[in-house]
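Peer 1: Here it is, the structure in full.
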Amino acid sequence: MSLKPYRRAVLLALASLALLGLNTLTAEAQKKGGALRVGILGEPPSLDVHWTTATITETLGNHIYEGLYTLDATNRPIPMLAESHSVSKDSLTYTFKLRQGVKFHNGKEMISEDVVASLARWGKQSVYGKALFAQVAEWKALDKYTVEMKLKEKSAIVLISLAVPNNFGAIYPKEIAEKFAPEVKATEFVGTGPFKLAEWKPDQHIRMVRFDEYRSRNEAPNGFGGGKTAYLDEIRWQPVPEVATRVAQVETGELDFADDLNLDAYDRLKKNPGLRPIVAKGNGWLVAVLNKKEGLMTNQKLRQAWQAAIDIEPIMKNVAGGHSEFYRMDSSLIMTEIAAWHTKLSGLPWNERNKEKARRLLQEAGYKKEPVRFMTTQEYKWMYDFALLTKQQLEDVGFTIDLQVVDWATLVKRRNNSKEYDAFTTGIGAIYDPAHVNFLTANWPGWTTDEDILKLQAEMAREIDPKKRMAMWEQQTRQVYEKVPMIRYGDLAGLRAIRNTTKGFDEKTQRVRFANVWVEK
Amino acid sequence: MTAYLIRRLLTLVPVLAVVVTVVFLLIHLIPGDPVSVMLGPDATPAQIQATRQALGLDRPLHEQLFKFYARILRGDLGQSYFLDRPVVTALLERAEPTLVLTFAALLVAVVIGVPSGIIAAAYQGSLWDRALMLTSLLGVCVPGFWLSLNFIYLFAVRLGWLPAAGYASILADPVAALRYMVLPAVSLGFNQSALIARISRSCMLEALQQDYIRTARAKGVSQRSVMWVHAFRNALVPVVTVIGITMAILIGGAVVTEIVFNIPGLGRLIISAVLRRDYPVVQGVILVTATAYVLINLAVDVLYVFIDPRIRYG
């Protein structure tokens, strides 16, 4: 049935009016003002994002600082403080044009000397900065708004290293970047982000207020980047170490948002009409890192036996408190949220549940029931749960597991000493590039020193053709499952809760961001 | 009395010397490292080593201990690794919440505990006695965190009468401070009242069996007067001792209550400092707590003189 022309016109006009109305409503809804109270699990060790890899510093720091690049909704690098970049024909020189008129919280304009000083400091301290600056021959300002990076060799990790949100290449004013040596944490926190630090009262709150002179990009919000509008007058980050209290406070409305909640609270939160629980996918995957430098686990057959023995799904189900929404079975070493590097390889010896194979490998390894020192902590319940279930499954096939339960501070200290353990539990968060896989390096606990793995890692850092890199990454994945530097379990989601009065929150980003968020109260 | 006080105060010096040395050694000898915690899970051993050097944590333990002694003698408790401020400042910031919680909980404990003990003793063997002692037994047995979480669920989440957690300064906003303090003070005070009630009852029973009570009753002194003037006054010495000990414990930080109710006091400070191996803060909190403990005990001993004129210090 065809519509007569005038009817079509009337319908079009009505539809336009409706759209206009919706837009007006949205525009009205996005009002500036109000404070957002966010419950977090603890106090950050610092707000110096160059200095620490702590997740909590990453989350808070990304509201204060910005880097030259950041990640879009598909986790690819997009410009943030950079206007654009160009690469020389030989791919050895990157020239970055900076955005003009961007102000620091101290009122000073961000220019090339700040960028040079900041990234020089970052390149000496940050995990990602060090990896990138190992390839840098020269790093200098060309003029007030242009910086140049000359490389020793071709590099695939320039933009992604500048874009990763953790331990990131934040731009500080030159004076601050030069005042604090890389290994000394900065105690002055000045960035270009949409919020500036107003007050830090340890164990009470960290108060960030809107930076009125913030210069937003013109694009629409996109992942961690794009346009950012600080609607909120302030964000009040409140450390609430007891998780049951965080849950109660978001239920009562004392908090507008609570992060890192225990999965057991999910059903209770779902029943509360005043809020919405958020299943935070892409949180990370569980891993048992094996010590390849010293001790029992230097024996590859033994590592393969562990990999063959475990039945991952019941472990994940248990860790997730029986909720299937909170775990995912996936063998890819980079999570599905980072689509560019997620692999779907068949025939990998992952989740084999093959007890016979495990017993055979134990025999071939010459294993004589020596205790395997498996270190975990109860400070993170999921770590303890998966270690406990792993112990049971491994002992079923003939391993002897000495489960060593210590506090987190002890675990992170001891895992740096190859004499003190054979395996430890941890989680692997988002990896945005195959050349950024910490457990495939020789200087991270567990010490992957296998020549083939390291050679391919180095080649991937140099190879700039994406297709060839993907082929190399698939090859590396197969290599990892053969040489077993660590045991990959399933993906575990996190739980957050948001009050219905909090609007505009992007639930898809791995870490929380409150630019573009407003409150209706 | 003055000589006694000076003698007691002088004993504080060796006590604190032993305490700070033991604490220093214990916290440094347990595994764990502040730098690994601060730098986060992805830090490399090289980064950790560089920061350890910057903080002087790579120096031999005896060298660190002597530096610590030297600082203490200058009245300097050092600098917190995590909080970017002197330990003294951190302690002063946390003192108010802990003191307010301590006195509020103590008030609740005494108001519940002492009358319960006296009533139970006065009506020994009655239903009142059994009910009160059963309640106090529950008070002793129920874990503090369980009681606190249930209070939060009932009074904050379900009924919405009081905030679930948090703290407001009594100097800045007394009304808000009171609202925040009700649940923690009651849950902590109820726990502590149990011990006070049981001690009060047993002391009262002992006093009531004394000859002078029989004599008083034979003289026709009223029950009220027997209880309050004769028995209670004599039973008070051990009760005051228990109240003093309770107060000293609370000053050290009602750890669980402060964590559950998110009160930024000394208890919460020491727990986070231990978990993060913030050595200077742990040492500072324990030094202050030990001093408070000794001084409160001294105050209780002095109080005896006023309660019981038979007690004399030479």
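In the structure tokens, the first chain shown is A, the next is B, and so on; residue numbers restart at 1 for each chain, and ligands run from 1 in the order shown.
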Check every residue of chain B for an atom within 6 Å of chain A, counting only C-alpha atoms, and provide those that qualify as a list in words.
Peer 2: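 Result, ordered by chain then number: Pro31, Gly32, Asp33, Ser36, Val37, Met38, Leu39, Gly40, Asp42, Thr44, Thr51, Phe82, Val157, Ala164, Val260 and Pro264 of chain B.
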Peer 1: Using DSSP assignments from the backbone, pull out every residue in stretch 374-497 of chain A that falls under strand (DSSP E) and give it to me as a list in words.
Peer 2: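 Matching residues, listed in order: Phe374, Met375, Thr376, Thr400, Ile401, Asp402, Leu403, Gln404, Val405, Ala423, Phe424, Thr425, Thr426, Gly427, Ile428, Met486, Ile487, Arg488, Tyr489, Gly490, Asp491, Leu492, Gly494, Leu495, Arg496 and Ala497 of chain A.
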Peer 1: Mind writing the picked residues with C-alpha atoms as a tab-separated table (two decimals), in the first residue's frame?
Peer 2:
chain	number	residue	atom	x	y	z
A	374	PHE	CA	50.73	-22.90	44.53
A	375	MET	CA	50.39	-19.41	45.98
A	376	THR	CA	47.06	-17.62	46.31
A	400	THR	CA	50.56	-32.99	45.17
A	401	ILE	CA	49.57	-29.36	45.64
A	402	ASP	CA	50.84	-27.31	48.52
A	403	LEU	CA	48.32	-24.47	48.50
A	404	GLN	CA	49.95	-21.48	50.15
A	405	VAL	CA	47.38	-18.90	51.16
A	423	ALA	CA	52.71	-21.20	40.61
A	424	PHE	CA	50.58	-18.26	41.64
A	425	THR	CA	47.09	-16.99	40.92
A	426	THR	CA	46.26	-13.67	39.36
A	427	GLY	CA	43.97	-12.11	36.77
A	428	ILE	CA	44.83	-10.83	33.33
A	486	MET	CA	50.75	-20.20	32.28
A	487	ILE	CA	47.34	-21.83	32.53
A	488	ARG	CA	44.49	-19.88	31.01
A	489	TYR	CA	41.12	-20.34	32.75
A	490	GLY	CA	37.86	-18.62	31.75
A	491	ASP	CA	36.85	-14.95	31.61
A	492	LEU	CA	35.29	-13.57	34.77
A	494	GLY	CA	32.79	-7.97	37.45
A	495	LEU	CA	29.72	-6.56	39.16
A	496	ARG	CA	28.86	-2.87	39.45
A	497	ALA	CA	25.69	-1.15	40.55
Peer 1: Enumerate, as a PyMOL selection string, the complete set of residues in stretch 3-202 of chain B that a backbone-based DSSP assignment places in alpha helix (DSSP H).
Peer 2: chain B and resi 3-29+34-39+45-55+61-73+87-122+127-141+144-151+174-202
Peer 1: Please produce a file of the residues just selected, as a tab-separated table (two decimals), in the first residue's frame, where the atoms kept are C-alpha atoms.
Peer 2:
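This is the output file part_7.tsv:
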chain	number	residue	atom	x	y	z
B	3	ALA	CA	55.98	9.87	93.57
B	4	TYR	CA	53.79	6.95	92.50
B	5	LEU	CA	52.62	8.81	89.41
B	6	ILE	CA	56.17	9.76	88.42
B	7	ARG	CA	57.30	6.15	88.93
B	8	ARG	CA	54.47	4.85	86.76
B	9	LEU	CA	55.13	7.41	84.04
B	10	LEU	CA	58.81	6.46	84.00
B	11	THR	CA	57.89	2.83	83.41
B	12	LEU	CA	56.30	4.05	80.19
B	13	VAL	CA	59.74	4.53	78.64
B	14	PRO	CA	60.97	0.90	78.71
B	15	VAL	CA	57.48	-0.36	77.84
B	16	LEU	CA	57.34	1.81	74.74
B	17	ALA	CA	60.95	0.98	73.81
B	18	VAL	CA	60.11	-2.72	73.84
B	19	VAL	CA	56.84	-2.17	71.97
B	20	VAL	CA	58.37	-0.12	69.14
B	21	THR	CA	61.27	-2.54	68.71
B	22	VAL	CA	59.05	-5.62	68.64
B	23	VAL	CA	56.62	-3.97	66.25
B	24	PHE	CA	59.40	-2.77	63.97
B	25	LEU	CA	60.90	-6.24	63.79
B	26	LEU	CA	57.58	-8.02	63.39
B	27	ILE	CA	56.27	-5.83	60.58
B	28	HIS	CA	59.58	-5.96	58.72
B	29	LEU	CA	60.06	-9.68	59.17
B	34	PRO	CA	54.94	-1.90	50.32
B	35	VAL	CA	56.54	-1.20	46.98
B	36	SER	CA	55.07	-4.26	45.23
B	37	VAL	CA	51.63	-3.21	46.46
B	38	MET	CA	52.05	0.43	45.47
B	39	LEU	CA	53.38	-0.24	41.99
B	45	PRO	CA	61.14	-6.44	39.42
B	46	ALA	CA	63.40	-3.67	38.06
B	47	GLN	CA	60.74	-1.00	38.77
B	48	ILE	CA	60.19	-2.43	42.23
B	49	GLN	CA	63.90	-2.41	43.01
B	50	ALA	CA	64.31	1.21	41.89
B	51	THR	CA	61.48	2.37	44.14
B	52	ARG	CA	62.74	0.31	47.08
B	53	GLN	CA	66.03	2.13	46.75
B	54	ALA	CA	64.30	5.50	46.57
B	55	LEU	CA	62.48	4.72	49.85
B	61	LEU	CA	67.28	-4.03	58.73
B	62	HIS	CA	69.50	-2.92	61.63
B	63	GLU	CA	70.34	0.27	59.76
B	64	GLN	CA	66.64	0.98	59.23
B	65	LEU	CA	65.98	0.22	62.93
B	66	PHE	CA	68.60	2.70	64.15
B	67	LYS	CA	67.27	5.36	61.81
B	68	PHE	CA	63.82	4.66	63.22
B	69	TYR	CA	65.08	5.07	66.83
B	70	ALA	CA	66.78	8.33	65.90
B	71	ARG	CA	63.59	9.66	64.38
B	72	ILE	CA	61.49	8.61	67.39
B	73	LEU	CA	63.86	10.44	69.73
B	87	VAL	CA	52.47	9.76	60.20
B	88	VAL	CA	51.67	12.26	62.96
B	89	THR	CA	49.31	14.12	60.62
B	90	ALA	CA	47.64	10.85	59.59
B	91	LEU	CA	47.19	9.91	63.26
B	92	LEU	CA	45.72	13.29	64.17
B	93	GLU	CA	43.28	13.09	61.26
B	94	ARG	CA	42.09	9.69	62.49
B	95	ALA	CA	41.94	10.57	66.20
B	96	GLU	CA	38.55	12.29	66.21
B	97	PRO	CA	36.50	9.46	64.64
B	98	THR	CA	38.10	6.88	66.92
B	99	LEU	CA	37.63	8.98	70.07
B	100	VAL	CA	33.99	9.75	69.22
B	101	LEU	CA	33.29	6.09	68.50
B	102	THR	CA	35.13	5.00	71.65
B	103	PHE	CA	33.19	7.29	73.98
B	104	ALA	CA	29.86	6.64	72.27
B	105	ALA	CA	30.35	2.87	72.41
B	106	LEU	CA	31.61	3.06	75.97
B	107	LEU	CA	28.54	5.05	76.96
B	108	VAL	CA	26.28	2.43	75.37
B	109	ALA	CA	28.26	-0.37	77.01
B	110	VAL	CA	28.10	1.18	80.48
B	111	VAL	CA	24.45	2.21	80.22
B	112	ILE	CA	23.48	-1.32	79.21
B	113	GLY	CA	26.11	-3.29	81.09
B	114	VAL	CA	26.19	-1.87	84.62
B	115	PRO	CA	22.39	-1.74	85.28
B	116	SER	CA	21.97	-5.19	83.72
B	117	GLY	CA	24.60	-6.62	86.06
B	118	ILE	CA	23.08	-4.96	89.12
B	119	ILE	CA	19.53	-6.04	88.28
B	120	ALA	CA	20.69	-9.58	87.58
B	121	ALA	CA	22.52	-9.68	90.92
B	122	ALA	CA	19.65	-8.14	92.84
B	127	LEU	CA	13.75	-14.85	85.16
B	128	TRP	CA	15.28	-11.35	84.89
B	129	ASP	CA	18.66	-12.69	85.91
B	130	ARG	CA	18.52	-15.50	83.38
B	131	ALA	CA	17.26	-13.31	80.54
B	132	LEU	CA	19.89	-10.64	81.13
B	133	MET	CA	22.73	-13.10	81.43
B	134	LEU	CA	21.58	-14.98	78.35
B	135	THR	CA	21.54	-11.67	76.46
B	136	SER	CA	25.00	-10.82	77.72
B	137	LEU	CA	26.22	-14.28	76.76
B	138	LEU	CA	24.91	-13.59	73.27
B	139	GLY	CA	26.68	-10.24	73.35
B	140	VAL	CA	29.98	-11.95	74.13
B	141	CYS	CA	29.46	-14.67	71.52
B	144	GLY	CA	31.02	-7.88	65.90
B	145	PHE	CA	30.99	-7.89	62.09
B	146	TRP	CA	27.88	-10.10	61.97
B	147	LEU	CA	25.99	-7.85	64.33
B	148	SER	CA	27.13	-4.75	62.44
B	149	LEU	CA	26.13	-6.08	59.03
B	150	ASN	CA	22.73	-7.13	60.33
B	151	PHE	CA	22.19	-3.73	61.90
B	174	PRO	CA	26.73	17.28	65.24
B	175	VAL	CA	23.32	16.08	64.01
B	176	ALA	CA	24.77	14.20	61.04
B	177	ALA	CA	27.54	12.89	63.31
B	178	LEU	CA	24.93	11.48	65.68
B	179	ARG	CA	23.03	9.79	62.85
B	180	TYR	CA	26.19	8.18	61.54
B	181	MET	CA	27.34	7.12	65.01
B	182	VAL	CA	24.17	5.39	66.29
B	183	LEU	CA	24.61	2.04	64.57
B	184	PRO	CA	28.35	1.63	65.12
B	185	ALA	CA	28.14	2.76	68.74
B	186	VAL	CA	25.24	0.45	69.53
B	187	SER	CA	26.71	-2.59	67.78
B	188	LEU	CA	30.12	-2.08	69.34
B	189	GLY	CA	28.70	-1.02	72.71
B	190	PHE	CA	26.41	-4.04	72.85
B	191	ASN	CA	29.37	-6.35	72.34
B	192	GLN	CA	31.34	-4.63	75.07
B	193	SER	CA	28.37	-4.30	77.44
B	194	ALA	CA	28.20	-8.06	77.75
B	195	LEU	CA	31.50	-8.29	79.60
B	196	ILE	CA	30.67	-5.31	81.81
B	197	ALA	CA	27.29	-6.84	82.70
B	198	ARG	CA	28.79	-10.17	83.66
B	199	ILE	CA	31.56	-8.60	85.76
B	200	SER	CA	29.08	-6.20	87.43
B	201	ARG	CA	26.82	-9.11	88.33
B	202	SER	CA	29.55	-11.28	89.81
Peer 1: In Å, with one decimal, what is the gap from atom CA of B:Gly166 to atom CA of A:Leu197?
Peer 2: 21.5 Å
